[in-house]
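Enquirer: Input file: final-v7.tsv. Contents: TSV, C-alpha atoms.
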```
chain	number	residue	atom	x	y	z
A	13	MET	CA	5.36	16.50	5.59
A	14	LEU	CA	7.85	14.00	4.21
A	15	SER	CA	11.49	15.10	4.02
A	16	LEU	CA	13.69	14.02	1.14
A	17	PRO	CA	15.56	10.81	2.06
A	18	PRO	CA	19.01	9.67	0.85
A	19	ALA	CA	19.11	8.28	-2.69
A	20	ALA	CA	19.10	4.54	-3.39
A	21	GLY	CA	20.62	4.63	-6.87
A	22	PRO	CA	20.92	6.71	-10.06
A	23	ILE	CA	17.17	7.20	-10.65
A	24	SER	CA	16.37	8.50	-7.18
A	25	ALA	CA	19.66	10.46	-7.03
A	26	SER	CA	18.80	12.34	-10.24
A	27	LEU	CA	15.25	12.94	-9.02
A	28	LEU	CA	16.45	14.29	-5.67
A	29	GLU	CA	18.88	16.64	-7.40
A	30	TYR	CA	16.09	17.92	-9.65
A	31	LEU	CA	13.63	18.41	-6.76
A	32	ARG	CA	16.27	20.36	-4.87
A	33	GLY	CA	16.65	22.69	-7.83
A	34	GLY	CA	19.71	21.06	-9.30
A	35	GLY	CA	20.61	20.10	-12.85
A	36	ASP	CA	18.40	18.72	-15.59
A	37	HIS	CA	20.37	15.54	-16.17
A	38	GLU	CA	18.03	12.63	-16.86
A	39	PRO	CA	19.41	9.19	-15.99
A	40	ALA	CA	19.20	6.24	-18.35
A	41	LEU	CA	16.30	4.19	-17.03
A	42	GLU	CA	17.79	0.72	-16.77
A	43	LEU	CA	14.79	-0.76	-15.00
A	44	GLY	CA	15.52	-4.49	-15.16
A	45	ASP	CA	13.01	-7.32	-14.94
A	46	ASP	CA	11.91	-6.91	-11.31
A	47	ALA	CA	10.51	-3.41	-10.85
A	48	ILE	CA	8.82	-4.42	-7.60
A	49	GLY	CA	12.11	-5.52	-6.08
A	50	ALA	CA	14.14	-2.54	-7.36
A	51	ARG	CA	14.57	-0.16	-4.45
A	52	ASP	CA	15.91	2.71	-6.53
A	53	LEU	CA	12.84	2.59	-8.76
A	54	GLN	CA	10.36	2.15	-5.90
A	55	LEU	CA	11.87	4.95	-3.82
A	56	ALA	CA	11.79	7.35	-6.76
A	57	LEU	CA	8.20	6.40	-7.56
A	58	TYR	CA	7.17	6.79	-3.92
A	59	LEU	CA	8.60	10.32	-3.83
A	60	LEU	CA	6.95	11.20	-7.13
A	61	ASN	CA	3.63	9.94	-5.80
A	62	GLU	CA	3.97	11.89	-2.54
A	63	LEU	CA	3.67	15.08	-4.56
A	64	HIS	CA	-0.02	14.13	-4.98
A	65	TYR	CA	-0.60	13.78	-1.23
A	66	ASP	CA	0.88	16.05	1.46
A	67	GLY	CA	3.82	17.07	-0.69
A	68	ILE	CA	7.48	17.02	0.27
A	69	ALA	CA	9.21	19.47	2.59
A	70	GLY	CA	11.20	22.04	0.64
A	71	VAL	CA	9.78	20.98	-2.75
A	72	ASP	CA	7.58	23.45	-4.62
A	73	ASP	CA	4.02	22.25	-5.21
A	74	GLU	CA	4.43	23.13	-8.90
A	75	PHE	CA	6.52	19.97	-9.28
A	76	GLU	CA	3.35	17.86	-8.97
A	77	TRP	CA	2.54	18.27	-12.67
A	78	ASN	CA	5.95	19.33	-13.90
A	79	PRO	CA	6.35	17.67	-17.36
A	80	ARG	CA	9.63	15.96	-16.49
A	81	ILE	CA	8.19	14.71	-13.21
A	82	ALA	CA	5.05	13.43	-14.93
A	83	SER	CA	7.11	11.66	-17.59
A	84	LEU	CA	9.32	9.93	-15.03
A	85	ARG	CA	6.32	8.93	-12.92
A	86	ALA	CA	4.67	7.38	-15.96
A	87	ALA	CA	7.82	5.48	-16.98
A	88	LEU	CA	8.39	4.02	-13.51
A	89	GLY	CA	4.71	3.24	-12.99
A	90	ASN	CA	4.49	1.52	-16.37
A	91	ALA	CA	7.51	-0.65	-15.54
A	92	MET	CA	5.75	-1.79	-12.38
A	93	LEU	CA	2.47	-2.28	-14.22
A	94	ASP	CA	4.12	-4.36	-16.97
A	95	GLN	CA	5.52	-6.73	-14.36
A	96	LEU	CA	2.15	-7.06	-12.63
A	97	LEU	CA	0.34	-7.74	-15.89
A	98	ALA	CA	2.87	-10.45	-16.73
A	99	THR	CA	2.49	-11.99	-13.27
A	100	CYS	CA	-1.27	-11.53	-12.81
A	101	PRO	CA	-2.73	-11.67	-16.34
A	102	LEU	CA	-5.71	-9.47	-17.02
A	103	VAL	CA	-8.79	-11.42	-18.10
A	104	ASP	CA	-10.77	-9.59	-20.78
A	105	GLU	CA	-14.25	-10.94	-20.11
A	106	VAL	CA	-15.76	-11.93	-16.77
A	107	ASP	CA	-19.42	-12.51	-15.95
A	108	PRO	CA	-20.30	-9.56	-13.66
A	109	ALA	CA	-22.43	-11.80	-11.47
A	110	TYR	CA	-19.38	-13.97	-10.78
A	111	VAL	CA	-17.02	-11.19	-9.70
A	112	PRO	CA	-17.69	-11.24	-5.91
A	113	GLN	CA	-17.37	-15.04	-5.76
A	114	ARG	CA	-14.17	-14.95	-7.79
A	115	ILE	CA	-12.67	-12.38	-5.40
A	116	PHE	CA	-13.21	-14.74	-2.47
A	117	GLU	CA	-11.75	-17.63	-4.50
A	118	LEU	CA	-8.59	-15.68	-5.31
A	119	ILE	CA	-8.12	-14.81	-1.65
A	120	ALA	CA	-8.76	-18.38	-0.49
A	121	ALA	CA	-6.18	-19.69	-2.96
A	122	ASP	CA	-3.66	-17.11	-1.79
A	123	ASP	CA	-4.17	-18.11	1.86
A	124	GLU	CA	-2.67	-21.50	1.01
A	125	VAL	CA	0.62	-20.06	-0.28
A	126	ALA	CA	1.06	-16.68	1.44
A	127	PRO	CA	3.90	-16.39	4.01
A	128	PRO	CA	2.42	-16.77	7.53
A	129	LEU	CA	3.71	-13.41	8.75
A	130	SER	CA	0.69	-12.59	10.91
A	131	ARG	CA	0.97	-15.94	12.71
A	132	TYR	CA	4.66	-15.29	13.38
A	133	LEU	CA	3.89	-11.85	14.81
A	134	GLU	CA	1.12	-13.28	16.97
A	135	SER	CA	3.16	-16.09	18.49
A	136	HIS	CA	6.90	-15.54	18.06
A	137	ALA	CA	7.94	-11.99	17.23
A	138	SER	CA	10.06	-10.03	19.67
A	139	LEU	CA	9.16	-6.45	20.54
A	140	HIS	CA	12.00	-5.29	18.30
A	141	GLN	CA	10.62	-7.31	15.37
A	142	PHE	CA	7.11	-6.01	15.96
A	143	ARG	CA	8.43	-2.46	15.94
A	144	GLU	CA	10.08	-3.18	12.60
A	145	PHE	CA	6.79	-4.49	11.21
A	146	VAL	CA	4.98	-1.33	12.31
A	147	ILE	CA	7.69	0.79	10.69
A	148	GLN	CA	7.22	-1.20	7.47
A	149	ARG	CA	3.48	-0.52	7.44
A	150	SER	CA	3.78	3.16	8.34
A	151	ALA	CA	4.35	4.21	4.71
A	152	TYR	CA	0.72	3.33	4.00
A	153	GLN	CA	-1.10	3.35	7.33
A	154	LEU	CA	-0.21	6.97	8.14
A	155	LYS	CA	-2.23	7.98	5.09
A	156	GLU	CA	-4.67	5.09	5.21
A	157	ALA	CA	-7.68	5.42	2.87
A	158	ASP	CA	-6.31	8.40	0.90
A	159	PRO	CA	-5.06	6.40	-2.14
A	160	HIS	CA	-8.36	4.51	-2.47
A	161	THR	CA	-10.38	7.71	-2.18
A	162	PHE	CA	-9.23	8.68	-5.68
A	163	ALA	CA	-11.90	6.20	-6.91
A	164	ILE	CA	-14.88	8.11	-5.51
A	165	PRO	CA	-15.30	10.67	-8.32
A	166	ARG	CA	-14.56	8.00	-10.94
A	167	ILE	CA	-17.37	5.55	-10.21
A	168	ARG	CA	-21.15	5.94	-10.10
A	169	ASN	CA	-23.95	4.89	-7.78
A	170	PRO	CA	-24.49	2.37	-6.27
A	171	ALA	CA	-20.78	1.52	-6.28
A	172	LYS	CA	-19.98	5.11	-5.26
A	173	SER	CA	-22.27	4.84	-2.23
A	174	ALA	CA	-20.60	1.63	-1.11
A	175	MET	CA	-17.17	3.18	-1.53
A	176	VAL	CA	-18.17	6.21	0.54
A	177	GLU	CA	-19.59	3.95	3.25
A	178	ILE	CA	-16.26	2.17	3.59
A	179	GLN	CA	-14.14	5.31	3.38
A	180	ALA	CA	-16.26	7.18	5.93
A	181	ASP	CA	-15.35	4.53	8.50
A	182	GLU	CA	-11.68	4.75	7.51
A	183	TYR	CA	-11.79	8.48	8.23
A	184	GLY	CA	-13.34	7.98	11.65
A	185	GLY	CA	-16.98	8.69	10.85
A	186	GLY	CA	-16.43	12.40	11.44
A	187	ASP	CA	-14.29	11.99	14.57
A	188	PRO	CA	-10.66	12.98	13.84
A	189	ALA	CA	-9.41	10.94	16.78
A	190	ARG	CA	-10.99	7.80	15.26
A	191	MET	CA	-9.38	8.16	11.85
A	192	HIS	CA	-7.52	4.94	11.16
A	193	SER	CA	-4.38	6.87	10.27
A	194	GLU	CA	-4.48	8.55	13.67
A	195	LEU	CA	-5.07	5.26	15.48
A	196	PHE	CA	-2.01	3.86	13.73
A	197	ALA	CA	0.03	6.91	14.72
A	198	LYS	CA	-0.99	6.22	18.32
A	199	THR	CA	0.21	2.62	17.99
A	200	MET	CA	3.56	3.91	16.73
A	201	ARG	CA	3.92	6.27	19.65
A	202	GLU	CA	3.05	3.50	22.12
A	203	LEU	CA	5.89	1.48	20.60
A	204	GLY	CA	8.30	4.38	20.98
A	205	LEU	CA	8.36	5.14	17.25
A	206	ASP	CA	8.25	8.41	15.35
A	207	SER	CA	4.80	8.88	13.82
A	208	SER	CA	5.84	11.81	11.61
A	209	PRO	CA	5.00	11.25	7.92
A	210	GLY	CA	7.88	9.65	6.07
A	211	ALA	CA	10.09	9.33	9.17
A	212	TYR	CA	11.28	5.87	8.09
A	213	VAL	CA	11.21	6.06	4.29
A	214	GLU	CA	15.00	5.87	4.11
A	215	VAL	CA	15.00	2.37	5.67
A	216	LEU	CA	12.00	0.87	3.83
A	217	PRO	CA	12.81	-1.91	1.31
A	218	ALA	CA	11.50	-2.03	-2.24
A	219	GLU	CA	8.80	-4.59	-1.42
A	220	THR	CA	7.28	-2.28	1.19
A	221	LEU	CA	7.35	0.84	-0.99
A	222	ALA	CA	5.75	-1.21	-3.79
A	223	THR	CA	2.68	-2.01	-1.66
A	224	VAL	CA	1.97	1.73	-1.38
A	225	ASN	CA	2.97	2.63	-4.93
A	226	LEU	CA	0.59	-0.02	-6.23
A	227	ILE	CA	-2.47	1.72	-4.81
A	228	THR	CA	-1.40	5.11	-6.08
A	229	LEU	CA	-0.57	3.63	-9.49
A	230	PHE	CA	-4.21	2.58	-9.79
A	231	GLY	CA	-5.58	5.63	-8.01
A	232	LEU	CA	-4.01	8.29	-10.21
A	233	GLN	CA	-5.37	6.83	-13.46
A	234	ARG	CA	-9.08	6.73	-14.20
A	235	ARG	CA	-8.52	3.88	-16.65
A	236	TRP	CA	-7.50	1.66	-13.71
A	237	ARG	CA	-10.51	2.50	-11.51
A	238	GLY	CA	-11.65	-1.12	-11.66
A	239	ALA	CA	-8.28	-2.33	-10.40
A	240	LEU	CA	-8.39	0.25	-7.60
A	241	VAL	CA	-11.80	-1.01	-6.51
A	242	GLY	CA	-10.56	-4.60	-6.69
A	243	HIS	CA	-7.55	-3.68	-4.57
A	244	LEU	CA	-9.77	-2.11	-1.91
A	245	ALA	CA	-12.12	-5.09	-1.90
A	246	GLY	CA	-9.19	-7.46	-1.46
A	247	PHE	CA	-7.70	-5.22	1.20
A	248	GLU	CA	-10.88	-5.21	3.27
A	249	ILE	CA	-11.56	-8.94	2.94
A	250	THR	CA	-8.04	-9.98	3.92
A	251	SER	CA	-7.84	-7.59	6.88
A	252	PRO	CA	-9.76	-8.98	9.89
A	253	GLN	CA	-7.85	-12.18	10.66
A	254	PRO	CA	-4.31	-10.75	10.38
A	255	ASN	CA	-5.28	-7.71	12.44
A	256	ARG	CA	-6.66	-9.98	15.16
A	257	ARG	CA	-3.31	-11.75	15.23
A	258	TYR	CA	-1.37	-8.48	15.34
A	259	ALA	CA	-3.40	-7.32	18.32
A	260	ASN	CA	-2.87	-10.66	20.05
A	261	GLY	CA	0.86	-10.39	19.40
A	262	LEU	CA	1.05	-6.96	21.02
A	263	ARG	CA	-0.91	-8.19	24.03
A	264	ARG	CA	1.48	-11.13	24.32
A	265	LEU	CA	4.32	-8.62	24.49
A	266	GLY	CA	2.60	-6.71	27.30
A	267	LEU	CA	1.23	-3.77	25.31
A	268	GLY	CA	-2.14	-2.29	26.25
A	269	ALA	CA	-5.26	-0.98	24.56
A	270	ASP	CA	-3.66	2.19	23.20
A	271	ALA	CA	-1.24	0.05	21.19
A	272	THR	CA	-3.80	-2.51	20.01
A	273	GLU	CA	-6.73	-0.19	19.26
A	274	PHE	CA	-5.79	0.26	15.62
A	275	TYR	CA	-5.77	-3.51	15.03
A	276	ASP	CA	-8.84	-4.20	17.16
A	277	GLU	CA	-10.73	-1.54	15.23
A	278	HIS	CA	-9.88	-3.24	11.93
A	279	VAL	CA	-11.10	-6.60	13.15
A	280	GLU	CA	-14.52	-5.07	13.76
A	281	ALA	CA	-14.74	-2.54	10.94
A	282	ASP	CA	-13.35	-4.70	8.16
A	283	SER	CA	-15.53	-7.66	9.12
A	284	VAL	CA	-18.46	-5.36	8.31
A	285	HIS	CA	-16.77	-4.00	5.19
A	286	GLU	CA	-16.04	-7.47	3.78
A	287	ASN	CA	-19.39	-8.04	2.08
A	288	VAL	CA	-19.90	-4.35	1.32
A	289	ALA	CA	-16.60	-4.34	-0.57
A	290	ALA	CA	-17.21	-7.59	-2.44
A	291	TYR	CA	-20.87	-7.24	-3.36
A	292	ASP	CA	-21.98	-3.60	-2.99
A	293	LEU	CA	-18.76	-2.07	-4.31
A	294	ALA	CA	-16.92	-4.51	-6.61
A	295	GLY	CA	-20.03	-6.43	-7.62
A	296	ALA	CA	-22.00	-3.26	-8.31
A	297	LEU	CA	-19.19	-1.74	-10.38
A	298	ALA	CA	-18.93	-4.92	-12.44
A	299	ARG	CA	-22.67	-4.82	-13.13
A	300	GLN	CA	-22.56	-1.13	-14.02
A	301	GLU	CA	-19.46	-1.47	-16.23
A	302	PRO	CA	-19.10	-5.11	-17.29
A	303	LYS	CA	-15.85	-4.38	-19.12
A	304	LEU	CA	-14.23	-3.69	-15.72
A	305	GLY	CA	-14.90	-7.15	-14.30
A	306	GLY	CA	-11.51	-8.55	-15.29
A	307	GLN	CA	-9.78	-5.39	-14.14
A	308	ILE	CA	-11.37	-5.69	-10.69
A	309	LEU	CA	-9.98	-9.21	-10.36
A	310	PHE	CA	-6.59	-8.00	-11.59
A	311	GLY	CA	-6.58	-5.43	-8.79
A	312	VAL	CA	-7.17	-8.23	-6.25
A	313	SER	CA	-4.44	-10.40	-7.76
A	314	ALA	CA	-1.94	-7.51	-7.87
A	315	LEU	CA	-2.64	-6.76	-4.21
A	316	LEU	CA	-2.10	-10.39	-3.20
A	317	TYR	CA	1.11	-10.66	-5.22
A	318	CYS	CA	2.64	-7.51	-3.74
A	319	GLU	CA	1.58	-8.50	-0.23
A	320	ARG	CA	3.22	-11.92	-0.67
A	321	ARG	CA	6.45	-10.19	-1.66
A	322	PHE	CA	6.16	-7.84	1.33
A	323	ALA	CA	5.37	-10.56	3.88
A	324	GLY	CA	7.95	-12.95	2.45
A	325	HIS	CA	10.74	-10.39	2.75
A	326	ILE	CA	9.92	-9.59	6.38
A	327	LEU	CA	9.35	-13.18	7.48
A	328	ASP	CA	12.51	-14.44	5.78
A	329	SER	CA	14.47	-11.69	7.50
A	330	PHE	CA	13.03	-12.42	10.93
A	331	GLU	CA	13.52	-16.17	10.67
A	332	ALA	CA	17.13	-15.61	9.56
A	333	GLY	CA	17.75	-13.37	12.57
A	334	ARG	CA	18.38	-10.20	10.57
A	335	SER	CA	16.62	-6.87	10.20
A	336	SER	CA	13.91	-6.50	7.55
A	337	LEU	CA	14.86	-2.84	7.10
A	338	GLU	CA	17.49	-1.32	4.85
A	339	SER	CA	20.66	-0.26	6.62
A	340	PHE	CA	21.46	3.41	6.43
A	341	SER	CA	24.66	2.69	4.49
A	342	ALA	CA	22.76	0.55	1.99
A	343	VAL	CA	20.28	3.35	1.45
A	344	THR	CA	23.01	5.92	1.09
A	345	HIS	CA	25.16	3.96	-1.31
A	346	GLY	CA	22.42	2.06	-3.20
```
Mind turning the file's structure into C-alpha cells?
Expert:
Amino acid sequence: MLSLPPAAGPISASLLEYLRGGGDHEPALELGDDAIGARDLQLALYLLNELHYDGIAGVDDEFEWNPRIASLRAALGNAMLDQLLATCPLVDEVDPAYVPQRIFELIAADDEVAPPLSRYLESHASLHQFREFVIQRSAYQLKEADPHTFAIPRIRNPAKSAMVEIQADEYGGGDPARMHSELFAKTMRELGLDSSPGAYVEVLPAETLATVNLITLFGLQRRWRGALVGHLAGFEITSPQPNRRYANGLRRLGLGADATEFYDEHVEADSVHENVAAYDLAGALARQEPKLGGQILFGVSALLYCERRFAGHILDSFEAGRSSLESFSAVTHG
C-alpha cells in the first residue's frame, strides 16, 4: 500500500494534512495553464486517485468518497481535462466505420514527432538511466490493467467481450505469476529496485504522474468511457515496438530473461491485442454508440500527447546528462 509522500506545493500539502487528520483549510487552487506539467497538482491528483485502488497506508477508506476529497478530485481532474481538450480537440461526429483506421492514422502521425526514447534506451542508455526509466513507469505498471478495467461494466457486447479478452491476458490468464504487474515487479527486483507500491512516488515528475492520472480520469467517469477505450486501444497498438527495444536494451546491458520477460511478453501479447483493440473493441463500441466515435479518438490523442510529454522529459534529461527524477529537496520544498 502506498505511503504518503512529501508535499510538492500548497495543494498537496493541504491534502496531506487533511488525510492525516489535520485541519480543514482549503488552499486557493491557482492551477495555471499547464496542469499536466504542474507537479503539485499531479501529485495531489495521484494521491486522490489512489484512494480508488489499494488505498493509502494510514488513511481511512472513508476518505474515498469524502465530499471534500471528491470536490478536490473533480477540480484537479477538470483542470487536466480542460488542457487536454484544448490541445486535442474533441470531434463531435465521426463515421463509426472509420474509427479503427483513424486510430492507426493518429498513431502513425505521432510516430513522426514523438521523442525517440525507446531507441535511446535500446542503444545508448546506461544501466543507471534504464533503472530511472523503470522507476518512472512503476507508477502505472505495478497496477497495470486496473485503470482500464473500469470500462468493463460501462460498455456492452461485443465491445465488452473484446475488452475482457485483452484484460484477461493483462491479468495473466488466471496465473498470478503471469500478471503483467507481477512481471514488471520482477523486472524491478532484477534491477535492484524496490517493487513496493508507491515506493518512488516522491521522485516522480509531473509528466509521469499525468500519464497515470489520465487513465484514471477517464476510468472513474462513465461519460468518458469512449475516451478510456480509445486510450486502451492506443496503448495496445503503440506497445510492441517500444517493448522490443526495451528488452534489447536490457540484454545489451547484460540483463537476463527475468529482467526482460515483462517486455518480451508485451511484444507478443500486444501484437495480438493490436487488432482486437482497434476493431473488436474501439470499432465495435463506435458502431454500438456512434456518438462515442469522436471521444474514442480523443482518448487516443490524449494518450499520445501525454506520452510525448513523458518521453520528452526523460530523453531531454538523459541527453543533458541529468536525472529525470525529482530530487528529494525539490519534492520536499516544491
Enquirer: Just want the 10 Å neighbourhood of Val146 of chain A, counted on only C-alpha atoms, with same-chain residues fewer than 4 positions away dropped. Output as a PyMOL selection string.
Expert: chain A and resi 141-142+150-151+153+196-197+199-200+203+205
Enquirer: Using all atoms listed in the file, give me every residue within 9 Å of (9.2, 3.5, -6.1) in file coordinates, as a list in words.
Expert: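 Taken together, the residues in range are Ser24, Ala47, Ile48, Ala50, Arg51, Asp52, Leu53, Gln54, Leu55, Ala56, Leu57, Tyr58, Leu59, Leu60, Asn61, Leu88, Gly89, Met92, Ala218, Leu221, Ala222, Val224 and Asn225 of chain A.
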Enquirer: Keeping only C-alpha atoms, write those residues as a PDB file, keeping the file's coordinate frame.
Expert:
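Output saved as part39.pdb:
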```pdb
ATOM      1  CA  SER A  24      16.370   8.500  -7.180  1.00  0.00           C
ATOM      2  CA  ALA A  47      10.510  -3.410 -10.850  1.00  0.00           C
ATOM      3  CA  ILE A  48       8.820  -4.420  -7.600  1.00  0.00           C
ATOM      4  CA  ALA A  50      14.140  -2.540  -7.360  1.00  0.00           C
ATOM      5  CA  ARG A  51      14.570  -0.160  -4.450  1.00  0.00           C
ATOM      6  CA  ASP A  52      15.910   2.710  -6.530  1.00  0.00           C
ATOM      7  CA  LEU A  53      12.840   2.590  -8.760  1.00  0.00           C
ATOM      8  CA  GLN A  54      10.360   2.150  -5.900  1.00  0.00           C
ATOM      9  CA  LEU A  55      11.870   4.950  -3.820  1.00  0.00           C
ATOM     10  CA  ALA A  56      11.790   7.350  -6.760  1.00  0.00           C
ATOM     11  CA  LEU A  57       8.200   6.400  -7.560  1.00  0.00           C
ATOM     12  CA  TYR A  58       7.170   6.790  -3.920  1.00  0.00           C
ATOM     13  CA  LEU A  59       8.600  10.320  -3.830  1.00  0.00           C
ATOM     14  CA  LEU A  60       6.950  11.200  -7.130  1.00  0.00           C
ATOM     15  CA  ASN A  61       3.630   9.940  -5.800  1.00  0.00           C
ATOM     16  CA  LEU A  88       8.390   4.020 -13.510  1.00  0.00           C
ATOM     17  CA  GLY A  89       4.710   3.240 -12.990  1.00  0.00           C
ATOM     18  CA  MET A  92       5.750  -1.790 -12.380  1.00  0.00           C
ATOM     19  CA  ALA A 218      11.500  -2.030  -2.240  1.00  0.00           C
ATOM     20  CA  LEU A 221       7.350   0.840  -0.990  1.00  0.00           C
ATOM     21  CA  ALA A 222       5.750  -1.210  -3.790  1.00  0.00           C
ATOM     22  CA  VAL A 224       1.970   1.730  -1.380  1.00  0.00           C
ATOM     23  CA  ASN A 225       2.970   2.630  -4.930  1.00  0.00           C
TER      24      ASN A 225
END
```
Enquirer: Pick out the closest residue to Ser336 of chain A from this set: A:Asp292, A:Glu144, A:Glu105, A:Asp158. Count only C-alpha atoms.
Expert: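 Closest to Ser336 of chain A of all the choices is A:Glu144.
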Enquirer: Do you have, as JSON lines, the list of residues of segment 165-252 of chain A lying at most 9 Å from segment 295-299 of chain A, each with its nearest atom pair and that distance in Å to one decimal, counting all atoms listed in the file and ordered by chain then number?
Expert:
```
{"residue": "A:Ile167", "atom": "CA", "partner": "A:Leu297", "partner_atom": "CA", "distance": 7.5}
{"residue": "A:Arg168", "atom": "CA", "partner": "A:Leu297", "partner_atom": "CA", "distance": 7.9}
{"residue": "A:Asn169", "atom": "CA", "partner": "A:Ala296", "partner_atom": "CA", "distance": 8.4}
{"residue": "A:Pro170", "atom": "CA", "partner": "A:Ala296", "partner_atom": "CA", "distance": 6.5}
{"residue": "A:Ala171", "atom": "CA", "partner": "A:Ala296", "partner_atom": "CA", "distance": 5.3}
{"residue": "A:Lys172", "atom": "CA", "partner": "A:Leu297", "partner_atom": "CA", "distance": 8.6}
{"residue": "A:Ala174", "atom": "CA", "partner": "A:Ala296", "partner_atom": "CA", "distance": 8.8}
{"residue": "A:Gly238", "atom": "CA", "partner": "A:Leu297", "partner_atom": "CA", "distance": 7.7}
{"residue": "A:Val241", "atom": "CA", "partner": "A:Leu297", "partner_atom": "CA", "distance": 8.4}
```
Enquirer: Neighbouring residues of segment 279-283 of chain A were defined as those with any atom within 8 Å, considering only C-alpha atoms; residues of the same chain fewer than 6 positions away were excluded. Please report them as a list of chain:residue names.
Expert: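 Near neighbours after the sequence-gap exclusion: A:Asp181, A:Glu248, A:Ile249, A:Ser251, A:Pro252, A:Gln253, A:Asn255, A:Arg256.
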Enquirer: Save out the residues we just selected, C-alpha atoms, as a PDB file, in the frame of the given file.
Expert:
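So the final result, stored in again-v3.pdb, reads:
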```pdb
ATOM      1  CA  ASP A 181     -15.350   4.530   8.500  1.00  0.00           C
ATOM      2  CA  GLU A 248     -10.880  -5.210   3.270  1.00  0.00           C
ATOM      3  CA  ILE A 249     -11.560  -8.940   2.940  1.00  0.00           C
ATOM      4  CA  SER A 251      -7.840  -7.590   6.880  1.00  0.00           C
ATOM      5  CA  PRO A 252      -9.760  -8.980   9.890  1.00  0.00           C
ATOM      6  CA  GLN A 253      -7.850 -12.180  10.660  1.00  0.00           C
ATOM      7  CA  ASN A 255      -5.280  -7.710  12.440  1.00  0.00           C
ATOM      8  CA  ARG A 256      -6.660  -9.980  15.160  1.00  0.00           C
TER       9      ARG A 256
END
```
Enquirer: For segment 274-289 of chain A, what centre and edge lengths in Å (one decimal) does the axis-aligned box get once 5 Å is added on each side of all its listed atoms, as lines of an AutoDock Vina configuration file?
Expert:
```
center_x = -12.8
center_y = -3.9
center_z = 8.3
size_x = 24.1
size_y = 18.3
size_z = 27.7
```
Enquirer: Near Cys100 of chain A, within 10 Å and counting only C-alpha atoms, which residues show up once chain neighbours fewer than 6 positions away are dropped, as a PDB file with C-alpha atoms, in the frame of the given file?
Expert:
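As written to disk, around_25.pdb reads:
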```pdb
ATOM      1  CA  ASP A  94       4.120  -4.360 -16.970  1.00  0.00           C
ATOM      2  CA  LEU A 309      -9.980  -9.210 -10.360  1.00  0.00           C
ATOM      3  CA  PHE A 310      -6.590  -8.000 -11.590  1.00  0.00           C
ATOM      4  CA  GLY A 311      -6.580  -5.430  -8.790  1.00  0.00           C
ATOM      5  CA  VAL A 312      -7.170  -8.230  -6.250  1.00  0.00           C
ATOM      6  CA  SER A 313      -4.440 -10.400  -7.760  1.00  0.00           C
ATOM      7  CA  ALA A 314      -1.940  -7.510  -7.870  1.00  0.00           C
ATOM      8  CA  LEU A 315      -2.640  -6.760  -4.210  1.00  0.00           C
ATOM      9  CA  LEU A 316      -2.100 -10.390  -3.200  1.00  0.00           C
ATOM     10  CA  TYR A 317       1.110 -10.660  -5.220  1.00  0.00           C
TER      11      TYR A 317
END
```
Enquirer: Quick one: contact table of segment 155-261 of chain A to segment 115-133 of chain A, 8 Å max, nearest atom pair and distance in Å to one decimal per residue, counting only C-alpha atoms, chain and number order, as CSV?
Expert:
```
residue,atom,partner,partner_atom,distance
A:Gly246,CA,A:Ile115,CA,7.2
A:Thr250,CA,A:Ile119,CA,7.4
A:Pro254,CA,A:Ser130,CA,5.4
A:Asn255,CA,A:Ser130,CA,7.9
A:Arg257,CA,A:Ser130,CA,5.9
A:Tyr258,CA,A:Leu133,CA,6.3
A:Gly261,CA,A:Leu133,CA,5.7
```
Enquirer: Tell me, as a list in words, which residues lie within 7 Å of Asp104 of chain A, counting only C-alpha atoms; anything in the same chain fewer than 2 positions away does not count.
Expert: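 Contacts, in chain order: Leu102, Val106 and Gly306 of chain A.
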Enquirer: Go through A:Leu41, A:Ala86, A:Leu154, A:Leu14 one by one, measure the shortest atom-to-atom distance of each to Ser26 of chain A using only C-alpha atoms, and give the residue with the smallest value.
Expert: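 Ranking A:Leu41, A:Ala86, A:Leu154, A:Leu14 by distance to Ser26 of chain A, first place goes to A:Leu41.
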Enquirer: Determine the nearest neighbour of Gln95 of chain A from the options A:Ile308, A:Leu327, A:Cys318, A:Ala189, counting all atoms listed in the file.
Expert: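 Checking each of A:Ile308, A:Leu327, A:Cys318, A:Ala189 against Gln95 of chain A, counting all atoms listed in the file, the winner is A:Cys318.
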Enquirer: Residues near Met13 of chain A, anyone? I mean within 12 Å using all atoms listed in the file, not counting same-chain ones fewer than 3 positions away, as a PyMOL selection string.
Expert: chain A and resi 16+59+62-63+65-71+154-155+207-211
Enquirer: From the options A:Gly186, A:Tyr30, A:Glu202, A:Gly44, which residue's atoms come nearest to Leu139 of chain A, counting all atoms listed in the file?
Expert: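 Closest candidate: A:Glu202.
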Enquirer: Please, what distance in Å, to one decimal, runs between atom CA of Met175 of chain A and atom CA of Arg149 of chain A?
Expert: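 Between atom CA of Met175 of chain A and atom CA of Arg149 of chain A the gap is 22.8 Å.
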Enquirer: In terms of the shortest atom-to-atom distance over all atoms listed in the file, which of A:Phe75, A:Phe145, A:Tyr110, A:Phe230 is closest to Thr161 of chain A?
Expert: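 Of A:Phe75, A:Phe145, A:Tyr110, A:Phe230, the one nearest Thr161 of chain A, counting all atoms listed in the file, is A:Phe230.
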Enquirer: Find the distance between atom CA of Arg235 of chain A and atom CA of Tyr183 of chain A and write it in Å to one decimal.
Expert: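 So the two atoms, atom CA of Arg235 of chain A and atom CA of Tyr183 of chain A, lie 25.5 Å apart.
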Enquirer: Go ahead and compute the interatomic distance for atom CA of His136 of chain A and atom CA of Glu286 of chain A, in Å to one decimal.
Expert: 28.2 Å
